[in-house]
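Peer 1: First the structure, then my questions, so here it is.
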Amino acid sequence: MVPGTGGNDALGRIEDAVVAVRGGRIVHVGPRADAPDLSGFEPVDCEGRWITPGLIDCHTHLVHAGNRAKEFAMRLAGASYEEIARAGGGIASTVRDTRAADGNRLLAESLPRLDALLAEGVTTIEVKSGYGLNLEDELKTLKAARRLGELRPVSVARTFLGAHAIPPEFADDRDGYLRLVIEEILPAVAKAGLADAVDAFCEGIAFSPEEVARLFAAAKALGLPVKLHADQLTNGHGGALAARFNALSADHMEYADEAAAVAMSGAGTVAVLLPGAFYFLRETQKPPVDLFRKHGVAMALATDCNPGTSPLTSLLLTMNLAATLFRMPVDECLAGVTRHAARALGRQNEVGTLEAGKWADLAIWEVEDLAELVYRLGFNPLARRVWHGR
């Protein structure tokens with residue numbers, strides 16, 4: 001049992017435990033010896049298996065059309081990013097494919113990716129837009145993300161990422177595109193209730209801190225929390241910018257410095273680490289996990305599922321990559337895909353730990369020790385997945 005509270009270790013393990021559920025929510029968690037009268041409950045014997053909170057993938061670009069496997073092969077053959085872009089590749093190719101797809105095709109391509117994550121115990125997932133880059137196709141993407149949560153037993157957090165890249169039709173007018181995002185697309189998204197948060201890509205190849213600040217001010221004015229792709233390729237002081245706007249999270253963070261860690265700690269901004277992208281891009285600059293620990297910055301882990309830089313649909317493998325590449329211990333990895341991931345979505349009062357009052361989102365594992373969830377490669381020990389008590 002890993003409720004995330006109580007117990008005598010970082011995860012709060014309880015052996016010989018009982019979880020009582022009513023109306024889809026947890027009403028009691030604790031040792032069997034301390035359980036209240038459960039005569040009105042239908043017993044389910046988990047036969048000594050470990051129970052954790054349902055896993056949370058708090059950073060994905062799961063809804064898109066097409067893939068970029070040909071670019072992967074080109075890179076292996078020595079092609080540069082610029083050569084691939086000139087050949088029509090890069091994010092522009094995913095934008096082109098996503099714009100060409102209708103809602104049904106987007107769902108058909110996205111559902112297998114979602115199903116792979118659910119099969120490993122994921123019960124909450126974040127899905128970003130950002131491959132439409134115009135009003136019609138950003139709305140289409142967010143509607144497809146919402147539909148995923150209607151077709152599958154999973155909670156879907158939707159994030160508007162209009163400031164992901166400059167679309168080709170605005171190649172010579174980046175300020176015009178930013179105005180379109182702030183003045184037209186964002187208000188339409190907010191009015192339709194299609195987004196739970198607003199994100200941006202703050203990098204030299206994407207949007208500047210000043211541009212992101214304009215977007216974030218507009219998002220805050222509409223009552224939407226913010227998140228940020230930050231400090232992935234350079235130290236653009238994105239972590240500090242995210243903290244200034246009390247962002248839910250700053251994600252990637254390979255080049256973040258101590259000032260960013262201090263600012264994020266003060267703001268309660270979660271550092272979301274994405275080892276799949278680090279691995280796939282063969283990066284060498286690791287995120288400053290020691291600085292985050294030193295200053296008490298919560299660290300979440302996520303797949304960053306996307307077609308270009310992290311075609312990953314396994315949170316179990318994500319944990320192994322974080323442990324192997326970033327030297328994160330087992331308890332830190334497990335917290336990163338449960339309670340800290342919930343905080344990165346602003347859902348810590350609903351999911352992420354096993355506590356009375358929260359949704360009964362559970363993953364039940366056929367393992368002797370929880371370290372197996374991080375240790376194994378290409379092996380799925382999930383015995384049962386429970387979402388909202390079902």
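Chains: A, B, ... in order of the structure tokens. Residues: from 1 per chain. Ligands: from 1, in order shown.
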Taking 2 positions as the minimum chain separation for residues in the same chain, which residues sit within 6 Å of range 157-172 of chain A when counting only C-alpha atoms? Answer as a list in words.

Peer 2: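 Near range 157-172 of chain A, the qualifying residues are Glu126, Val127, Lys128, Ser129, Gly130, Leu133, Arg174, Ala195, Asp196, Ala197, Val198, Asp199, Ala200, Phe201 and Ala206 of chain A.
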
Peer 1: Tell me, as a ChimeraX atom specification, which residues lie within 10 Å of Leu117 in chain A, counting only C-alpha atoms; anything in the same chain fewer than 4 positions away does not count.

Peer 2: /A:55-57,111-113,121-125,303,312-316

Peer 1: Go through A:Ala323, A:Ala190, A:Ala87, A:Ala267 and flag the residue nearest Glu71 in chain A, using only C-alpha atoms for the distances.

Peer 2: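 When distances to Glu71 in chain A are compared using only C-alpha atoms, the smallest one comes from A:Ala87.
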
Peer 1: Taking only range 101-338 of chain A into account, list the residues labelled strand (DSSP E or B) by DSSP (computed from the backbone), as a VMD selection string.

Peer 2: chain A and resid 122 to 128 155 to 163 197 to 202 207 226 to 230 249 to 252 270 to 273 299 to 301 306 310

Peer 1: Using only C-alpha atoms for the distances, tell me which of A:Asn104, A:Ser155, A:Asn306, A:Thr141 is nearest to Leu118 in chain A.

Peer 2: A:Ser155

Peer 1: Measuring atom to atom with only C-alpha atoms, identify which of A:His229, A:Arg152, A:Arg146, A:Arg384 is nearest to Ser208 in chain A.

Peer 2: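 Ranking A:His229, A:Arg152, A:Arg146, A:Arg384 by distance to Ser208 in chain A, first place goes to A:His229.
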
Peer 1: Could you jot down the CA of Leu62 in chain A to CA of Ala145 in chain A separation for me, Å, one decimal place?

Peer 2: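 Taking CA of Leu62 in chain A and CA of Ala145 in chain A, their separation equals 8.4 Å.
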
Peer 1: Skipping near chain neighbours, those fewer than 6 positions away, what residues fall within 9 Å of range 233-247 of chain A using only C-alpha atoms, listed as a ChimeraX atom specification?

Peer 2: /A:202-204,208-209,212-213,216-217,220,225-227,253-257,259-271,285,344

Peer 1: Quick one: pull the distance between CA of Leu248 in chain A and CA of Gly336 in chain A, Å, one decimal.

Peer 2: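 Separation between CA of Leu248 in chain A and CA of Gly336 in chain A: 14.4 Å.
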
Peer 1: Would you mind listing what lies within 12 Å of Val27 in chain A as a PDB file with N, CA and C atoms, in the first residue's frame, with only C-alpha atoms counted and same-chain residues fewer than 5 positions away left out?

Peer 2:
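Saved file out_13.pdb follows:
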```pdb
ATOM      1  N   VAL A  18      -6.187  -1.768   4.265  1.00  0.00           N
ATOM      2  CA  VAL A  18      -7.534  -1.737   3.725  1.00  0.00           C
ATOM      3  C   VAL A  18      -7.776  -0.372   3.086  1.00  0.00           C
ATOM      4  N   VAL A  19      -8.341  -0.392   1.878  1.00  0.00           N
ATOM      5  CA  VAL A  19      -8.833   0.832   1.237  1.00  0.00           C
ATOM      6  C   VAL A  19     -10.338   0.667   1.081  1.00  0.00           C
ATOM      7  N   ALA A  20     -11.097   1.579   1.684  1.00  0.00           N
ATOM      8  CA  ALA A  20     -12.552   1.522   1.575  1.00  0.00           C
ATOM      9  C   ALA A  20     -13.028   2.631   0.635  1.00  0.00           C
ATOM     10  N   VAL A  21     -13.942   2.266  -0.274  1.00  0.00           N
ATOM     11  CA  VAL A  21     -14.389   3.183  -1.321  1.00  0.00           C
ATOM     12  C   VAL A  21     -15.912   3.250  -1.323  1.00  0.00           C
ATOM     13  N   ARG A  22     -16.432   4.464  -1.428  1.00  0.00           N
ATOM     14  CA  ARG A  22     -17.875   4.656  -1.577  1.00  0.00           C
ATOM     15  C   ARG A  22     -18.118   5.804  -2.548  1.00  0.00           C
ATOM     16  N   ALA A  35      -9.179  -0.690  10.880  1.00  0.00           N
ATOM     17  CA  ALA A  35     -10.273  -0.384   9.964  1.00  0.00           C
ATOM     18  C   ALA A  35     -11.590  -0.229  10.722  1.00  0.00           C
ATOM     19  N   PRO A  36     -12.458   0.671  10.290  1.00  0.00           N
ATOM     20  CA  PRO A  36     -13.793   0.797  10.884  1.00  0.00           C
ATOM     21  C   PRO A  36     -14.675  -0.376  10.470  1.00  0.00           C
ATOM     22  N   ASP A  37     -15.906  -0.367  10.877  1.00  0.00           N
ATOM     23  CA  ASP A  37     -16.850  -1.410  10.493  1.00  0.00           C
ATOM     24  C   ASP A  37     -17.070  -1.347   8.985  1.00  0.00           C
ATOM     25  N   LEU A  38     -16.716  -2.432   8.291  1.00  0.00           N
ATOM     26  CA  LEU A  38     -16.821  -2.482   6.844  1.00  0.00           C
ATOM     27  C   LEU A  38     -17.906  -3.452   6.389  1.00  0.00           C
ATOM     28  N   PHE A  41     -19.687  -2.898   3.025  1.00  0.00           N
ATOM     29  CA  PHE A  41     -18.881  -2.809   1.800  1.00  0.00           C
ATOM     30  C   PHE A  41     -18.728  -4.184   1.167  1.00  0.00           C
ATOM     31  N   LEU A 354      -3.387   8.193  -1.800  1.00  0.00           N
ATOM     32  CA  LEU A 354      -4.543   7.446  -1.318  1.00  0.00           C
ATOM     33  C   LEU A 354      -4.944   8.015   0.036  1.00  0.00           C
ATOM     34  N   GLU A 355      -5.924   8.883   0.011  1.00  0.00           N
ATOM     35  CA  GLU A 355      -6.409   9.538   1.217  1.00  0.00           C
ATOM     36  C   GLU A 355      -7.916   9.668   1.159  1.00  0.00           C
ATOM     37  N   ALA A 356      -8.549   9.653   2.316  1.00  0.00           N
ATOM     38  CA  ALA A 356      -9.999   9.812   2.389  1.00  0.00           C
ATOM     39  C   ALA A 356     -10.404  11.117   1.715  1.00  0.00           C
ATOM     40  N   GLY A 357     -11.431  11.034   0.885  1.00  0.00           N
ATOM     41  CA  GLY A 357     -11.946  12.191   0.172  1.00  0.00           C
ATOM     42  C   GLY A 357     -11.479  12.280  -1.266  1.00  0.00           C
ATOM     43  N   LYS A 358     -10.385  11.630  -1.606  1.00  0.00           N
ATOM     44  CA  LYS A 358      -9.886  11.682  -2.976  1.00  0.00           C
ATOM     45  C   LYS A 358     -10.535  10.588  -3.823  1.00  0.00           C
ATOM     46  N   TRP A 359     -10.436  10.772  -5.148  1.00  0.00           N
ATOM     47  CA  TRP A 359     -10.957   9.754  -6.047  1.00  0.00           C
ATOM     48  C   TRP A 359     -10.245   8.420  -5.809  1.00  0.00           C
ATOM     49  N   ALA A 360     -10.991   7.366  -5.932  1.00  0.00           N
ATOM     50  CA  ALA A 360     -10.415   6.024  -5.798  1.00  0.00           C
ATOM     51  C   ALA A 360      -9.804   5.622  -7.128  1.00  0.00           C
ATOM     52  N   GLY A 389     -13.177   4.357  -8.587  1.00  0.00           N
ATOM     53  CA  GLY A 389     -13.810   3.240  -7.913  1.00  0.00           C
ATOM     54  C   GLY A 389     -14.277   2.133  -8.817  1.00  0.00           C
TER      55      GLY A 389
END
```

Peer 1: By how many Å are CA of Leu382 in chain A and CA of His340 in chain A apart?

Peer 2: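 So the two atoms, CA of Leu382 in chain A and CA of His340 in chain A, lie 21.1 Å apart.
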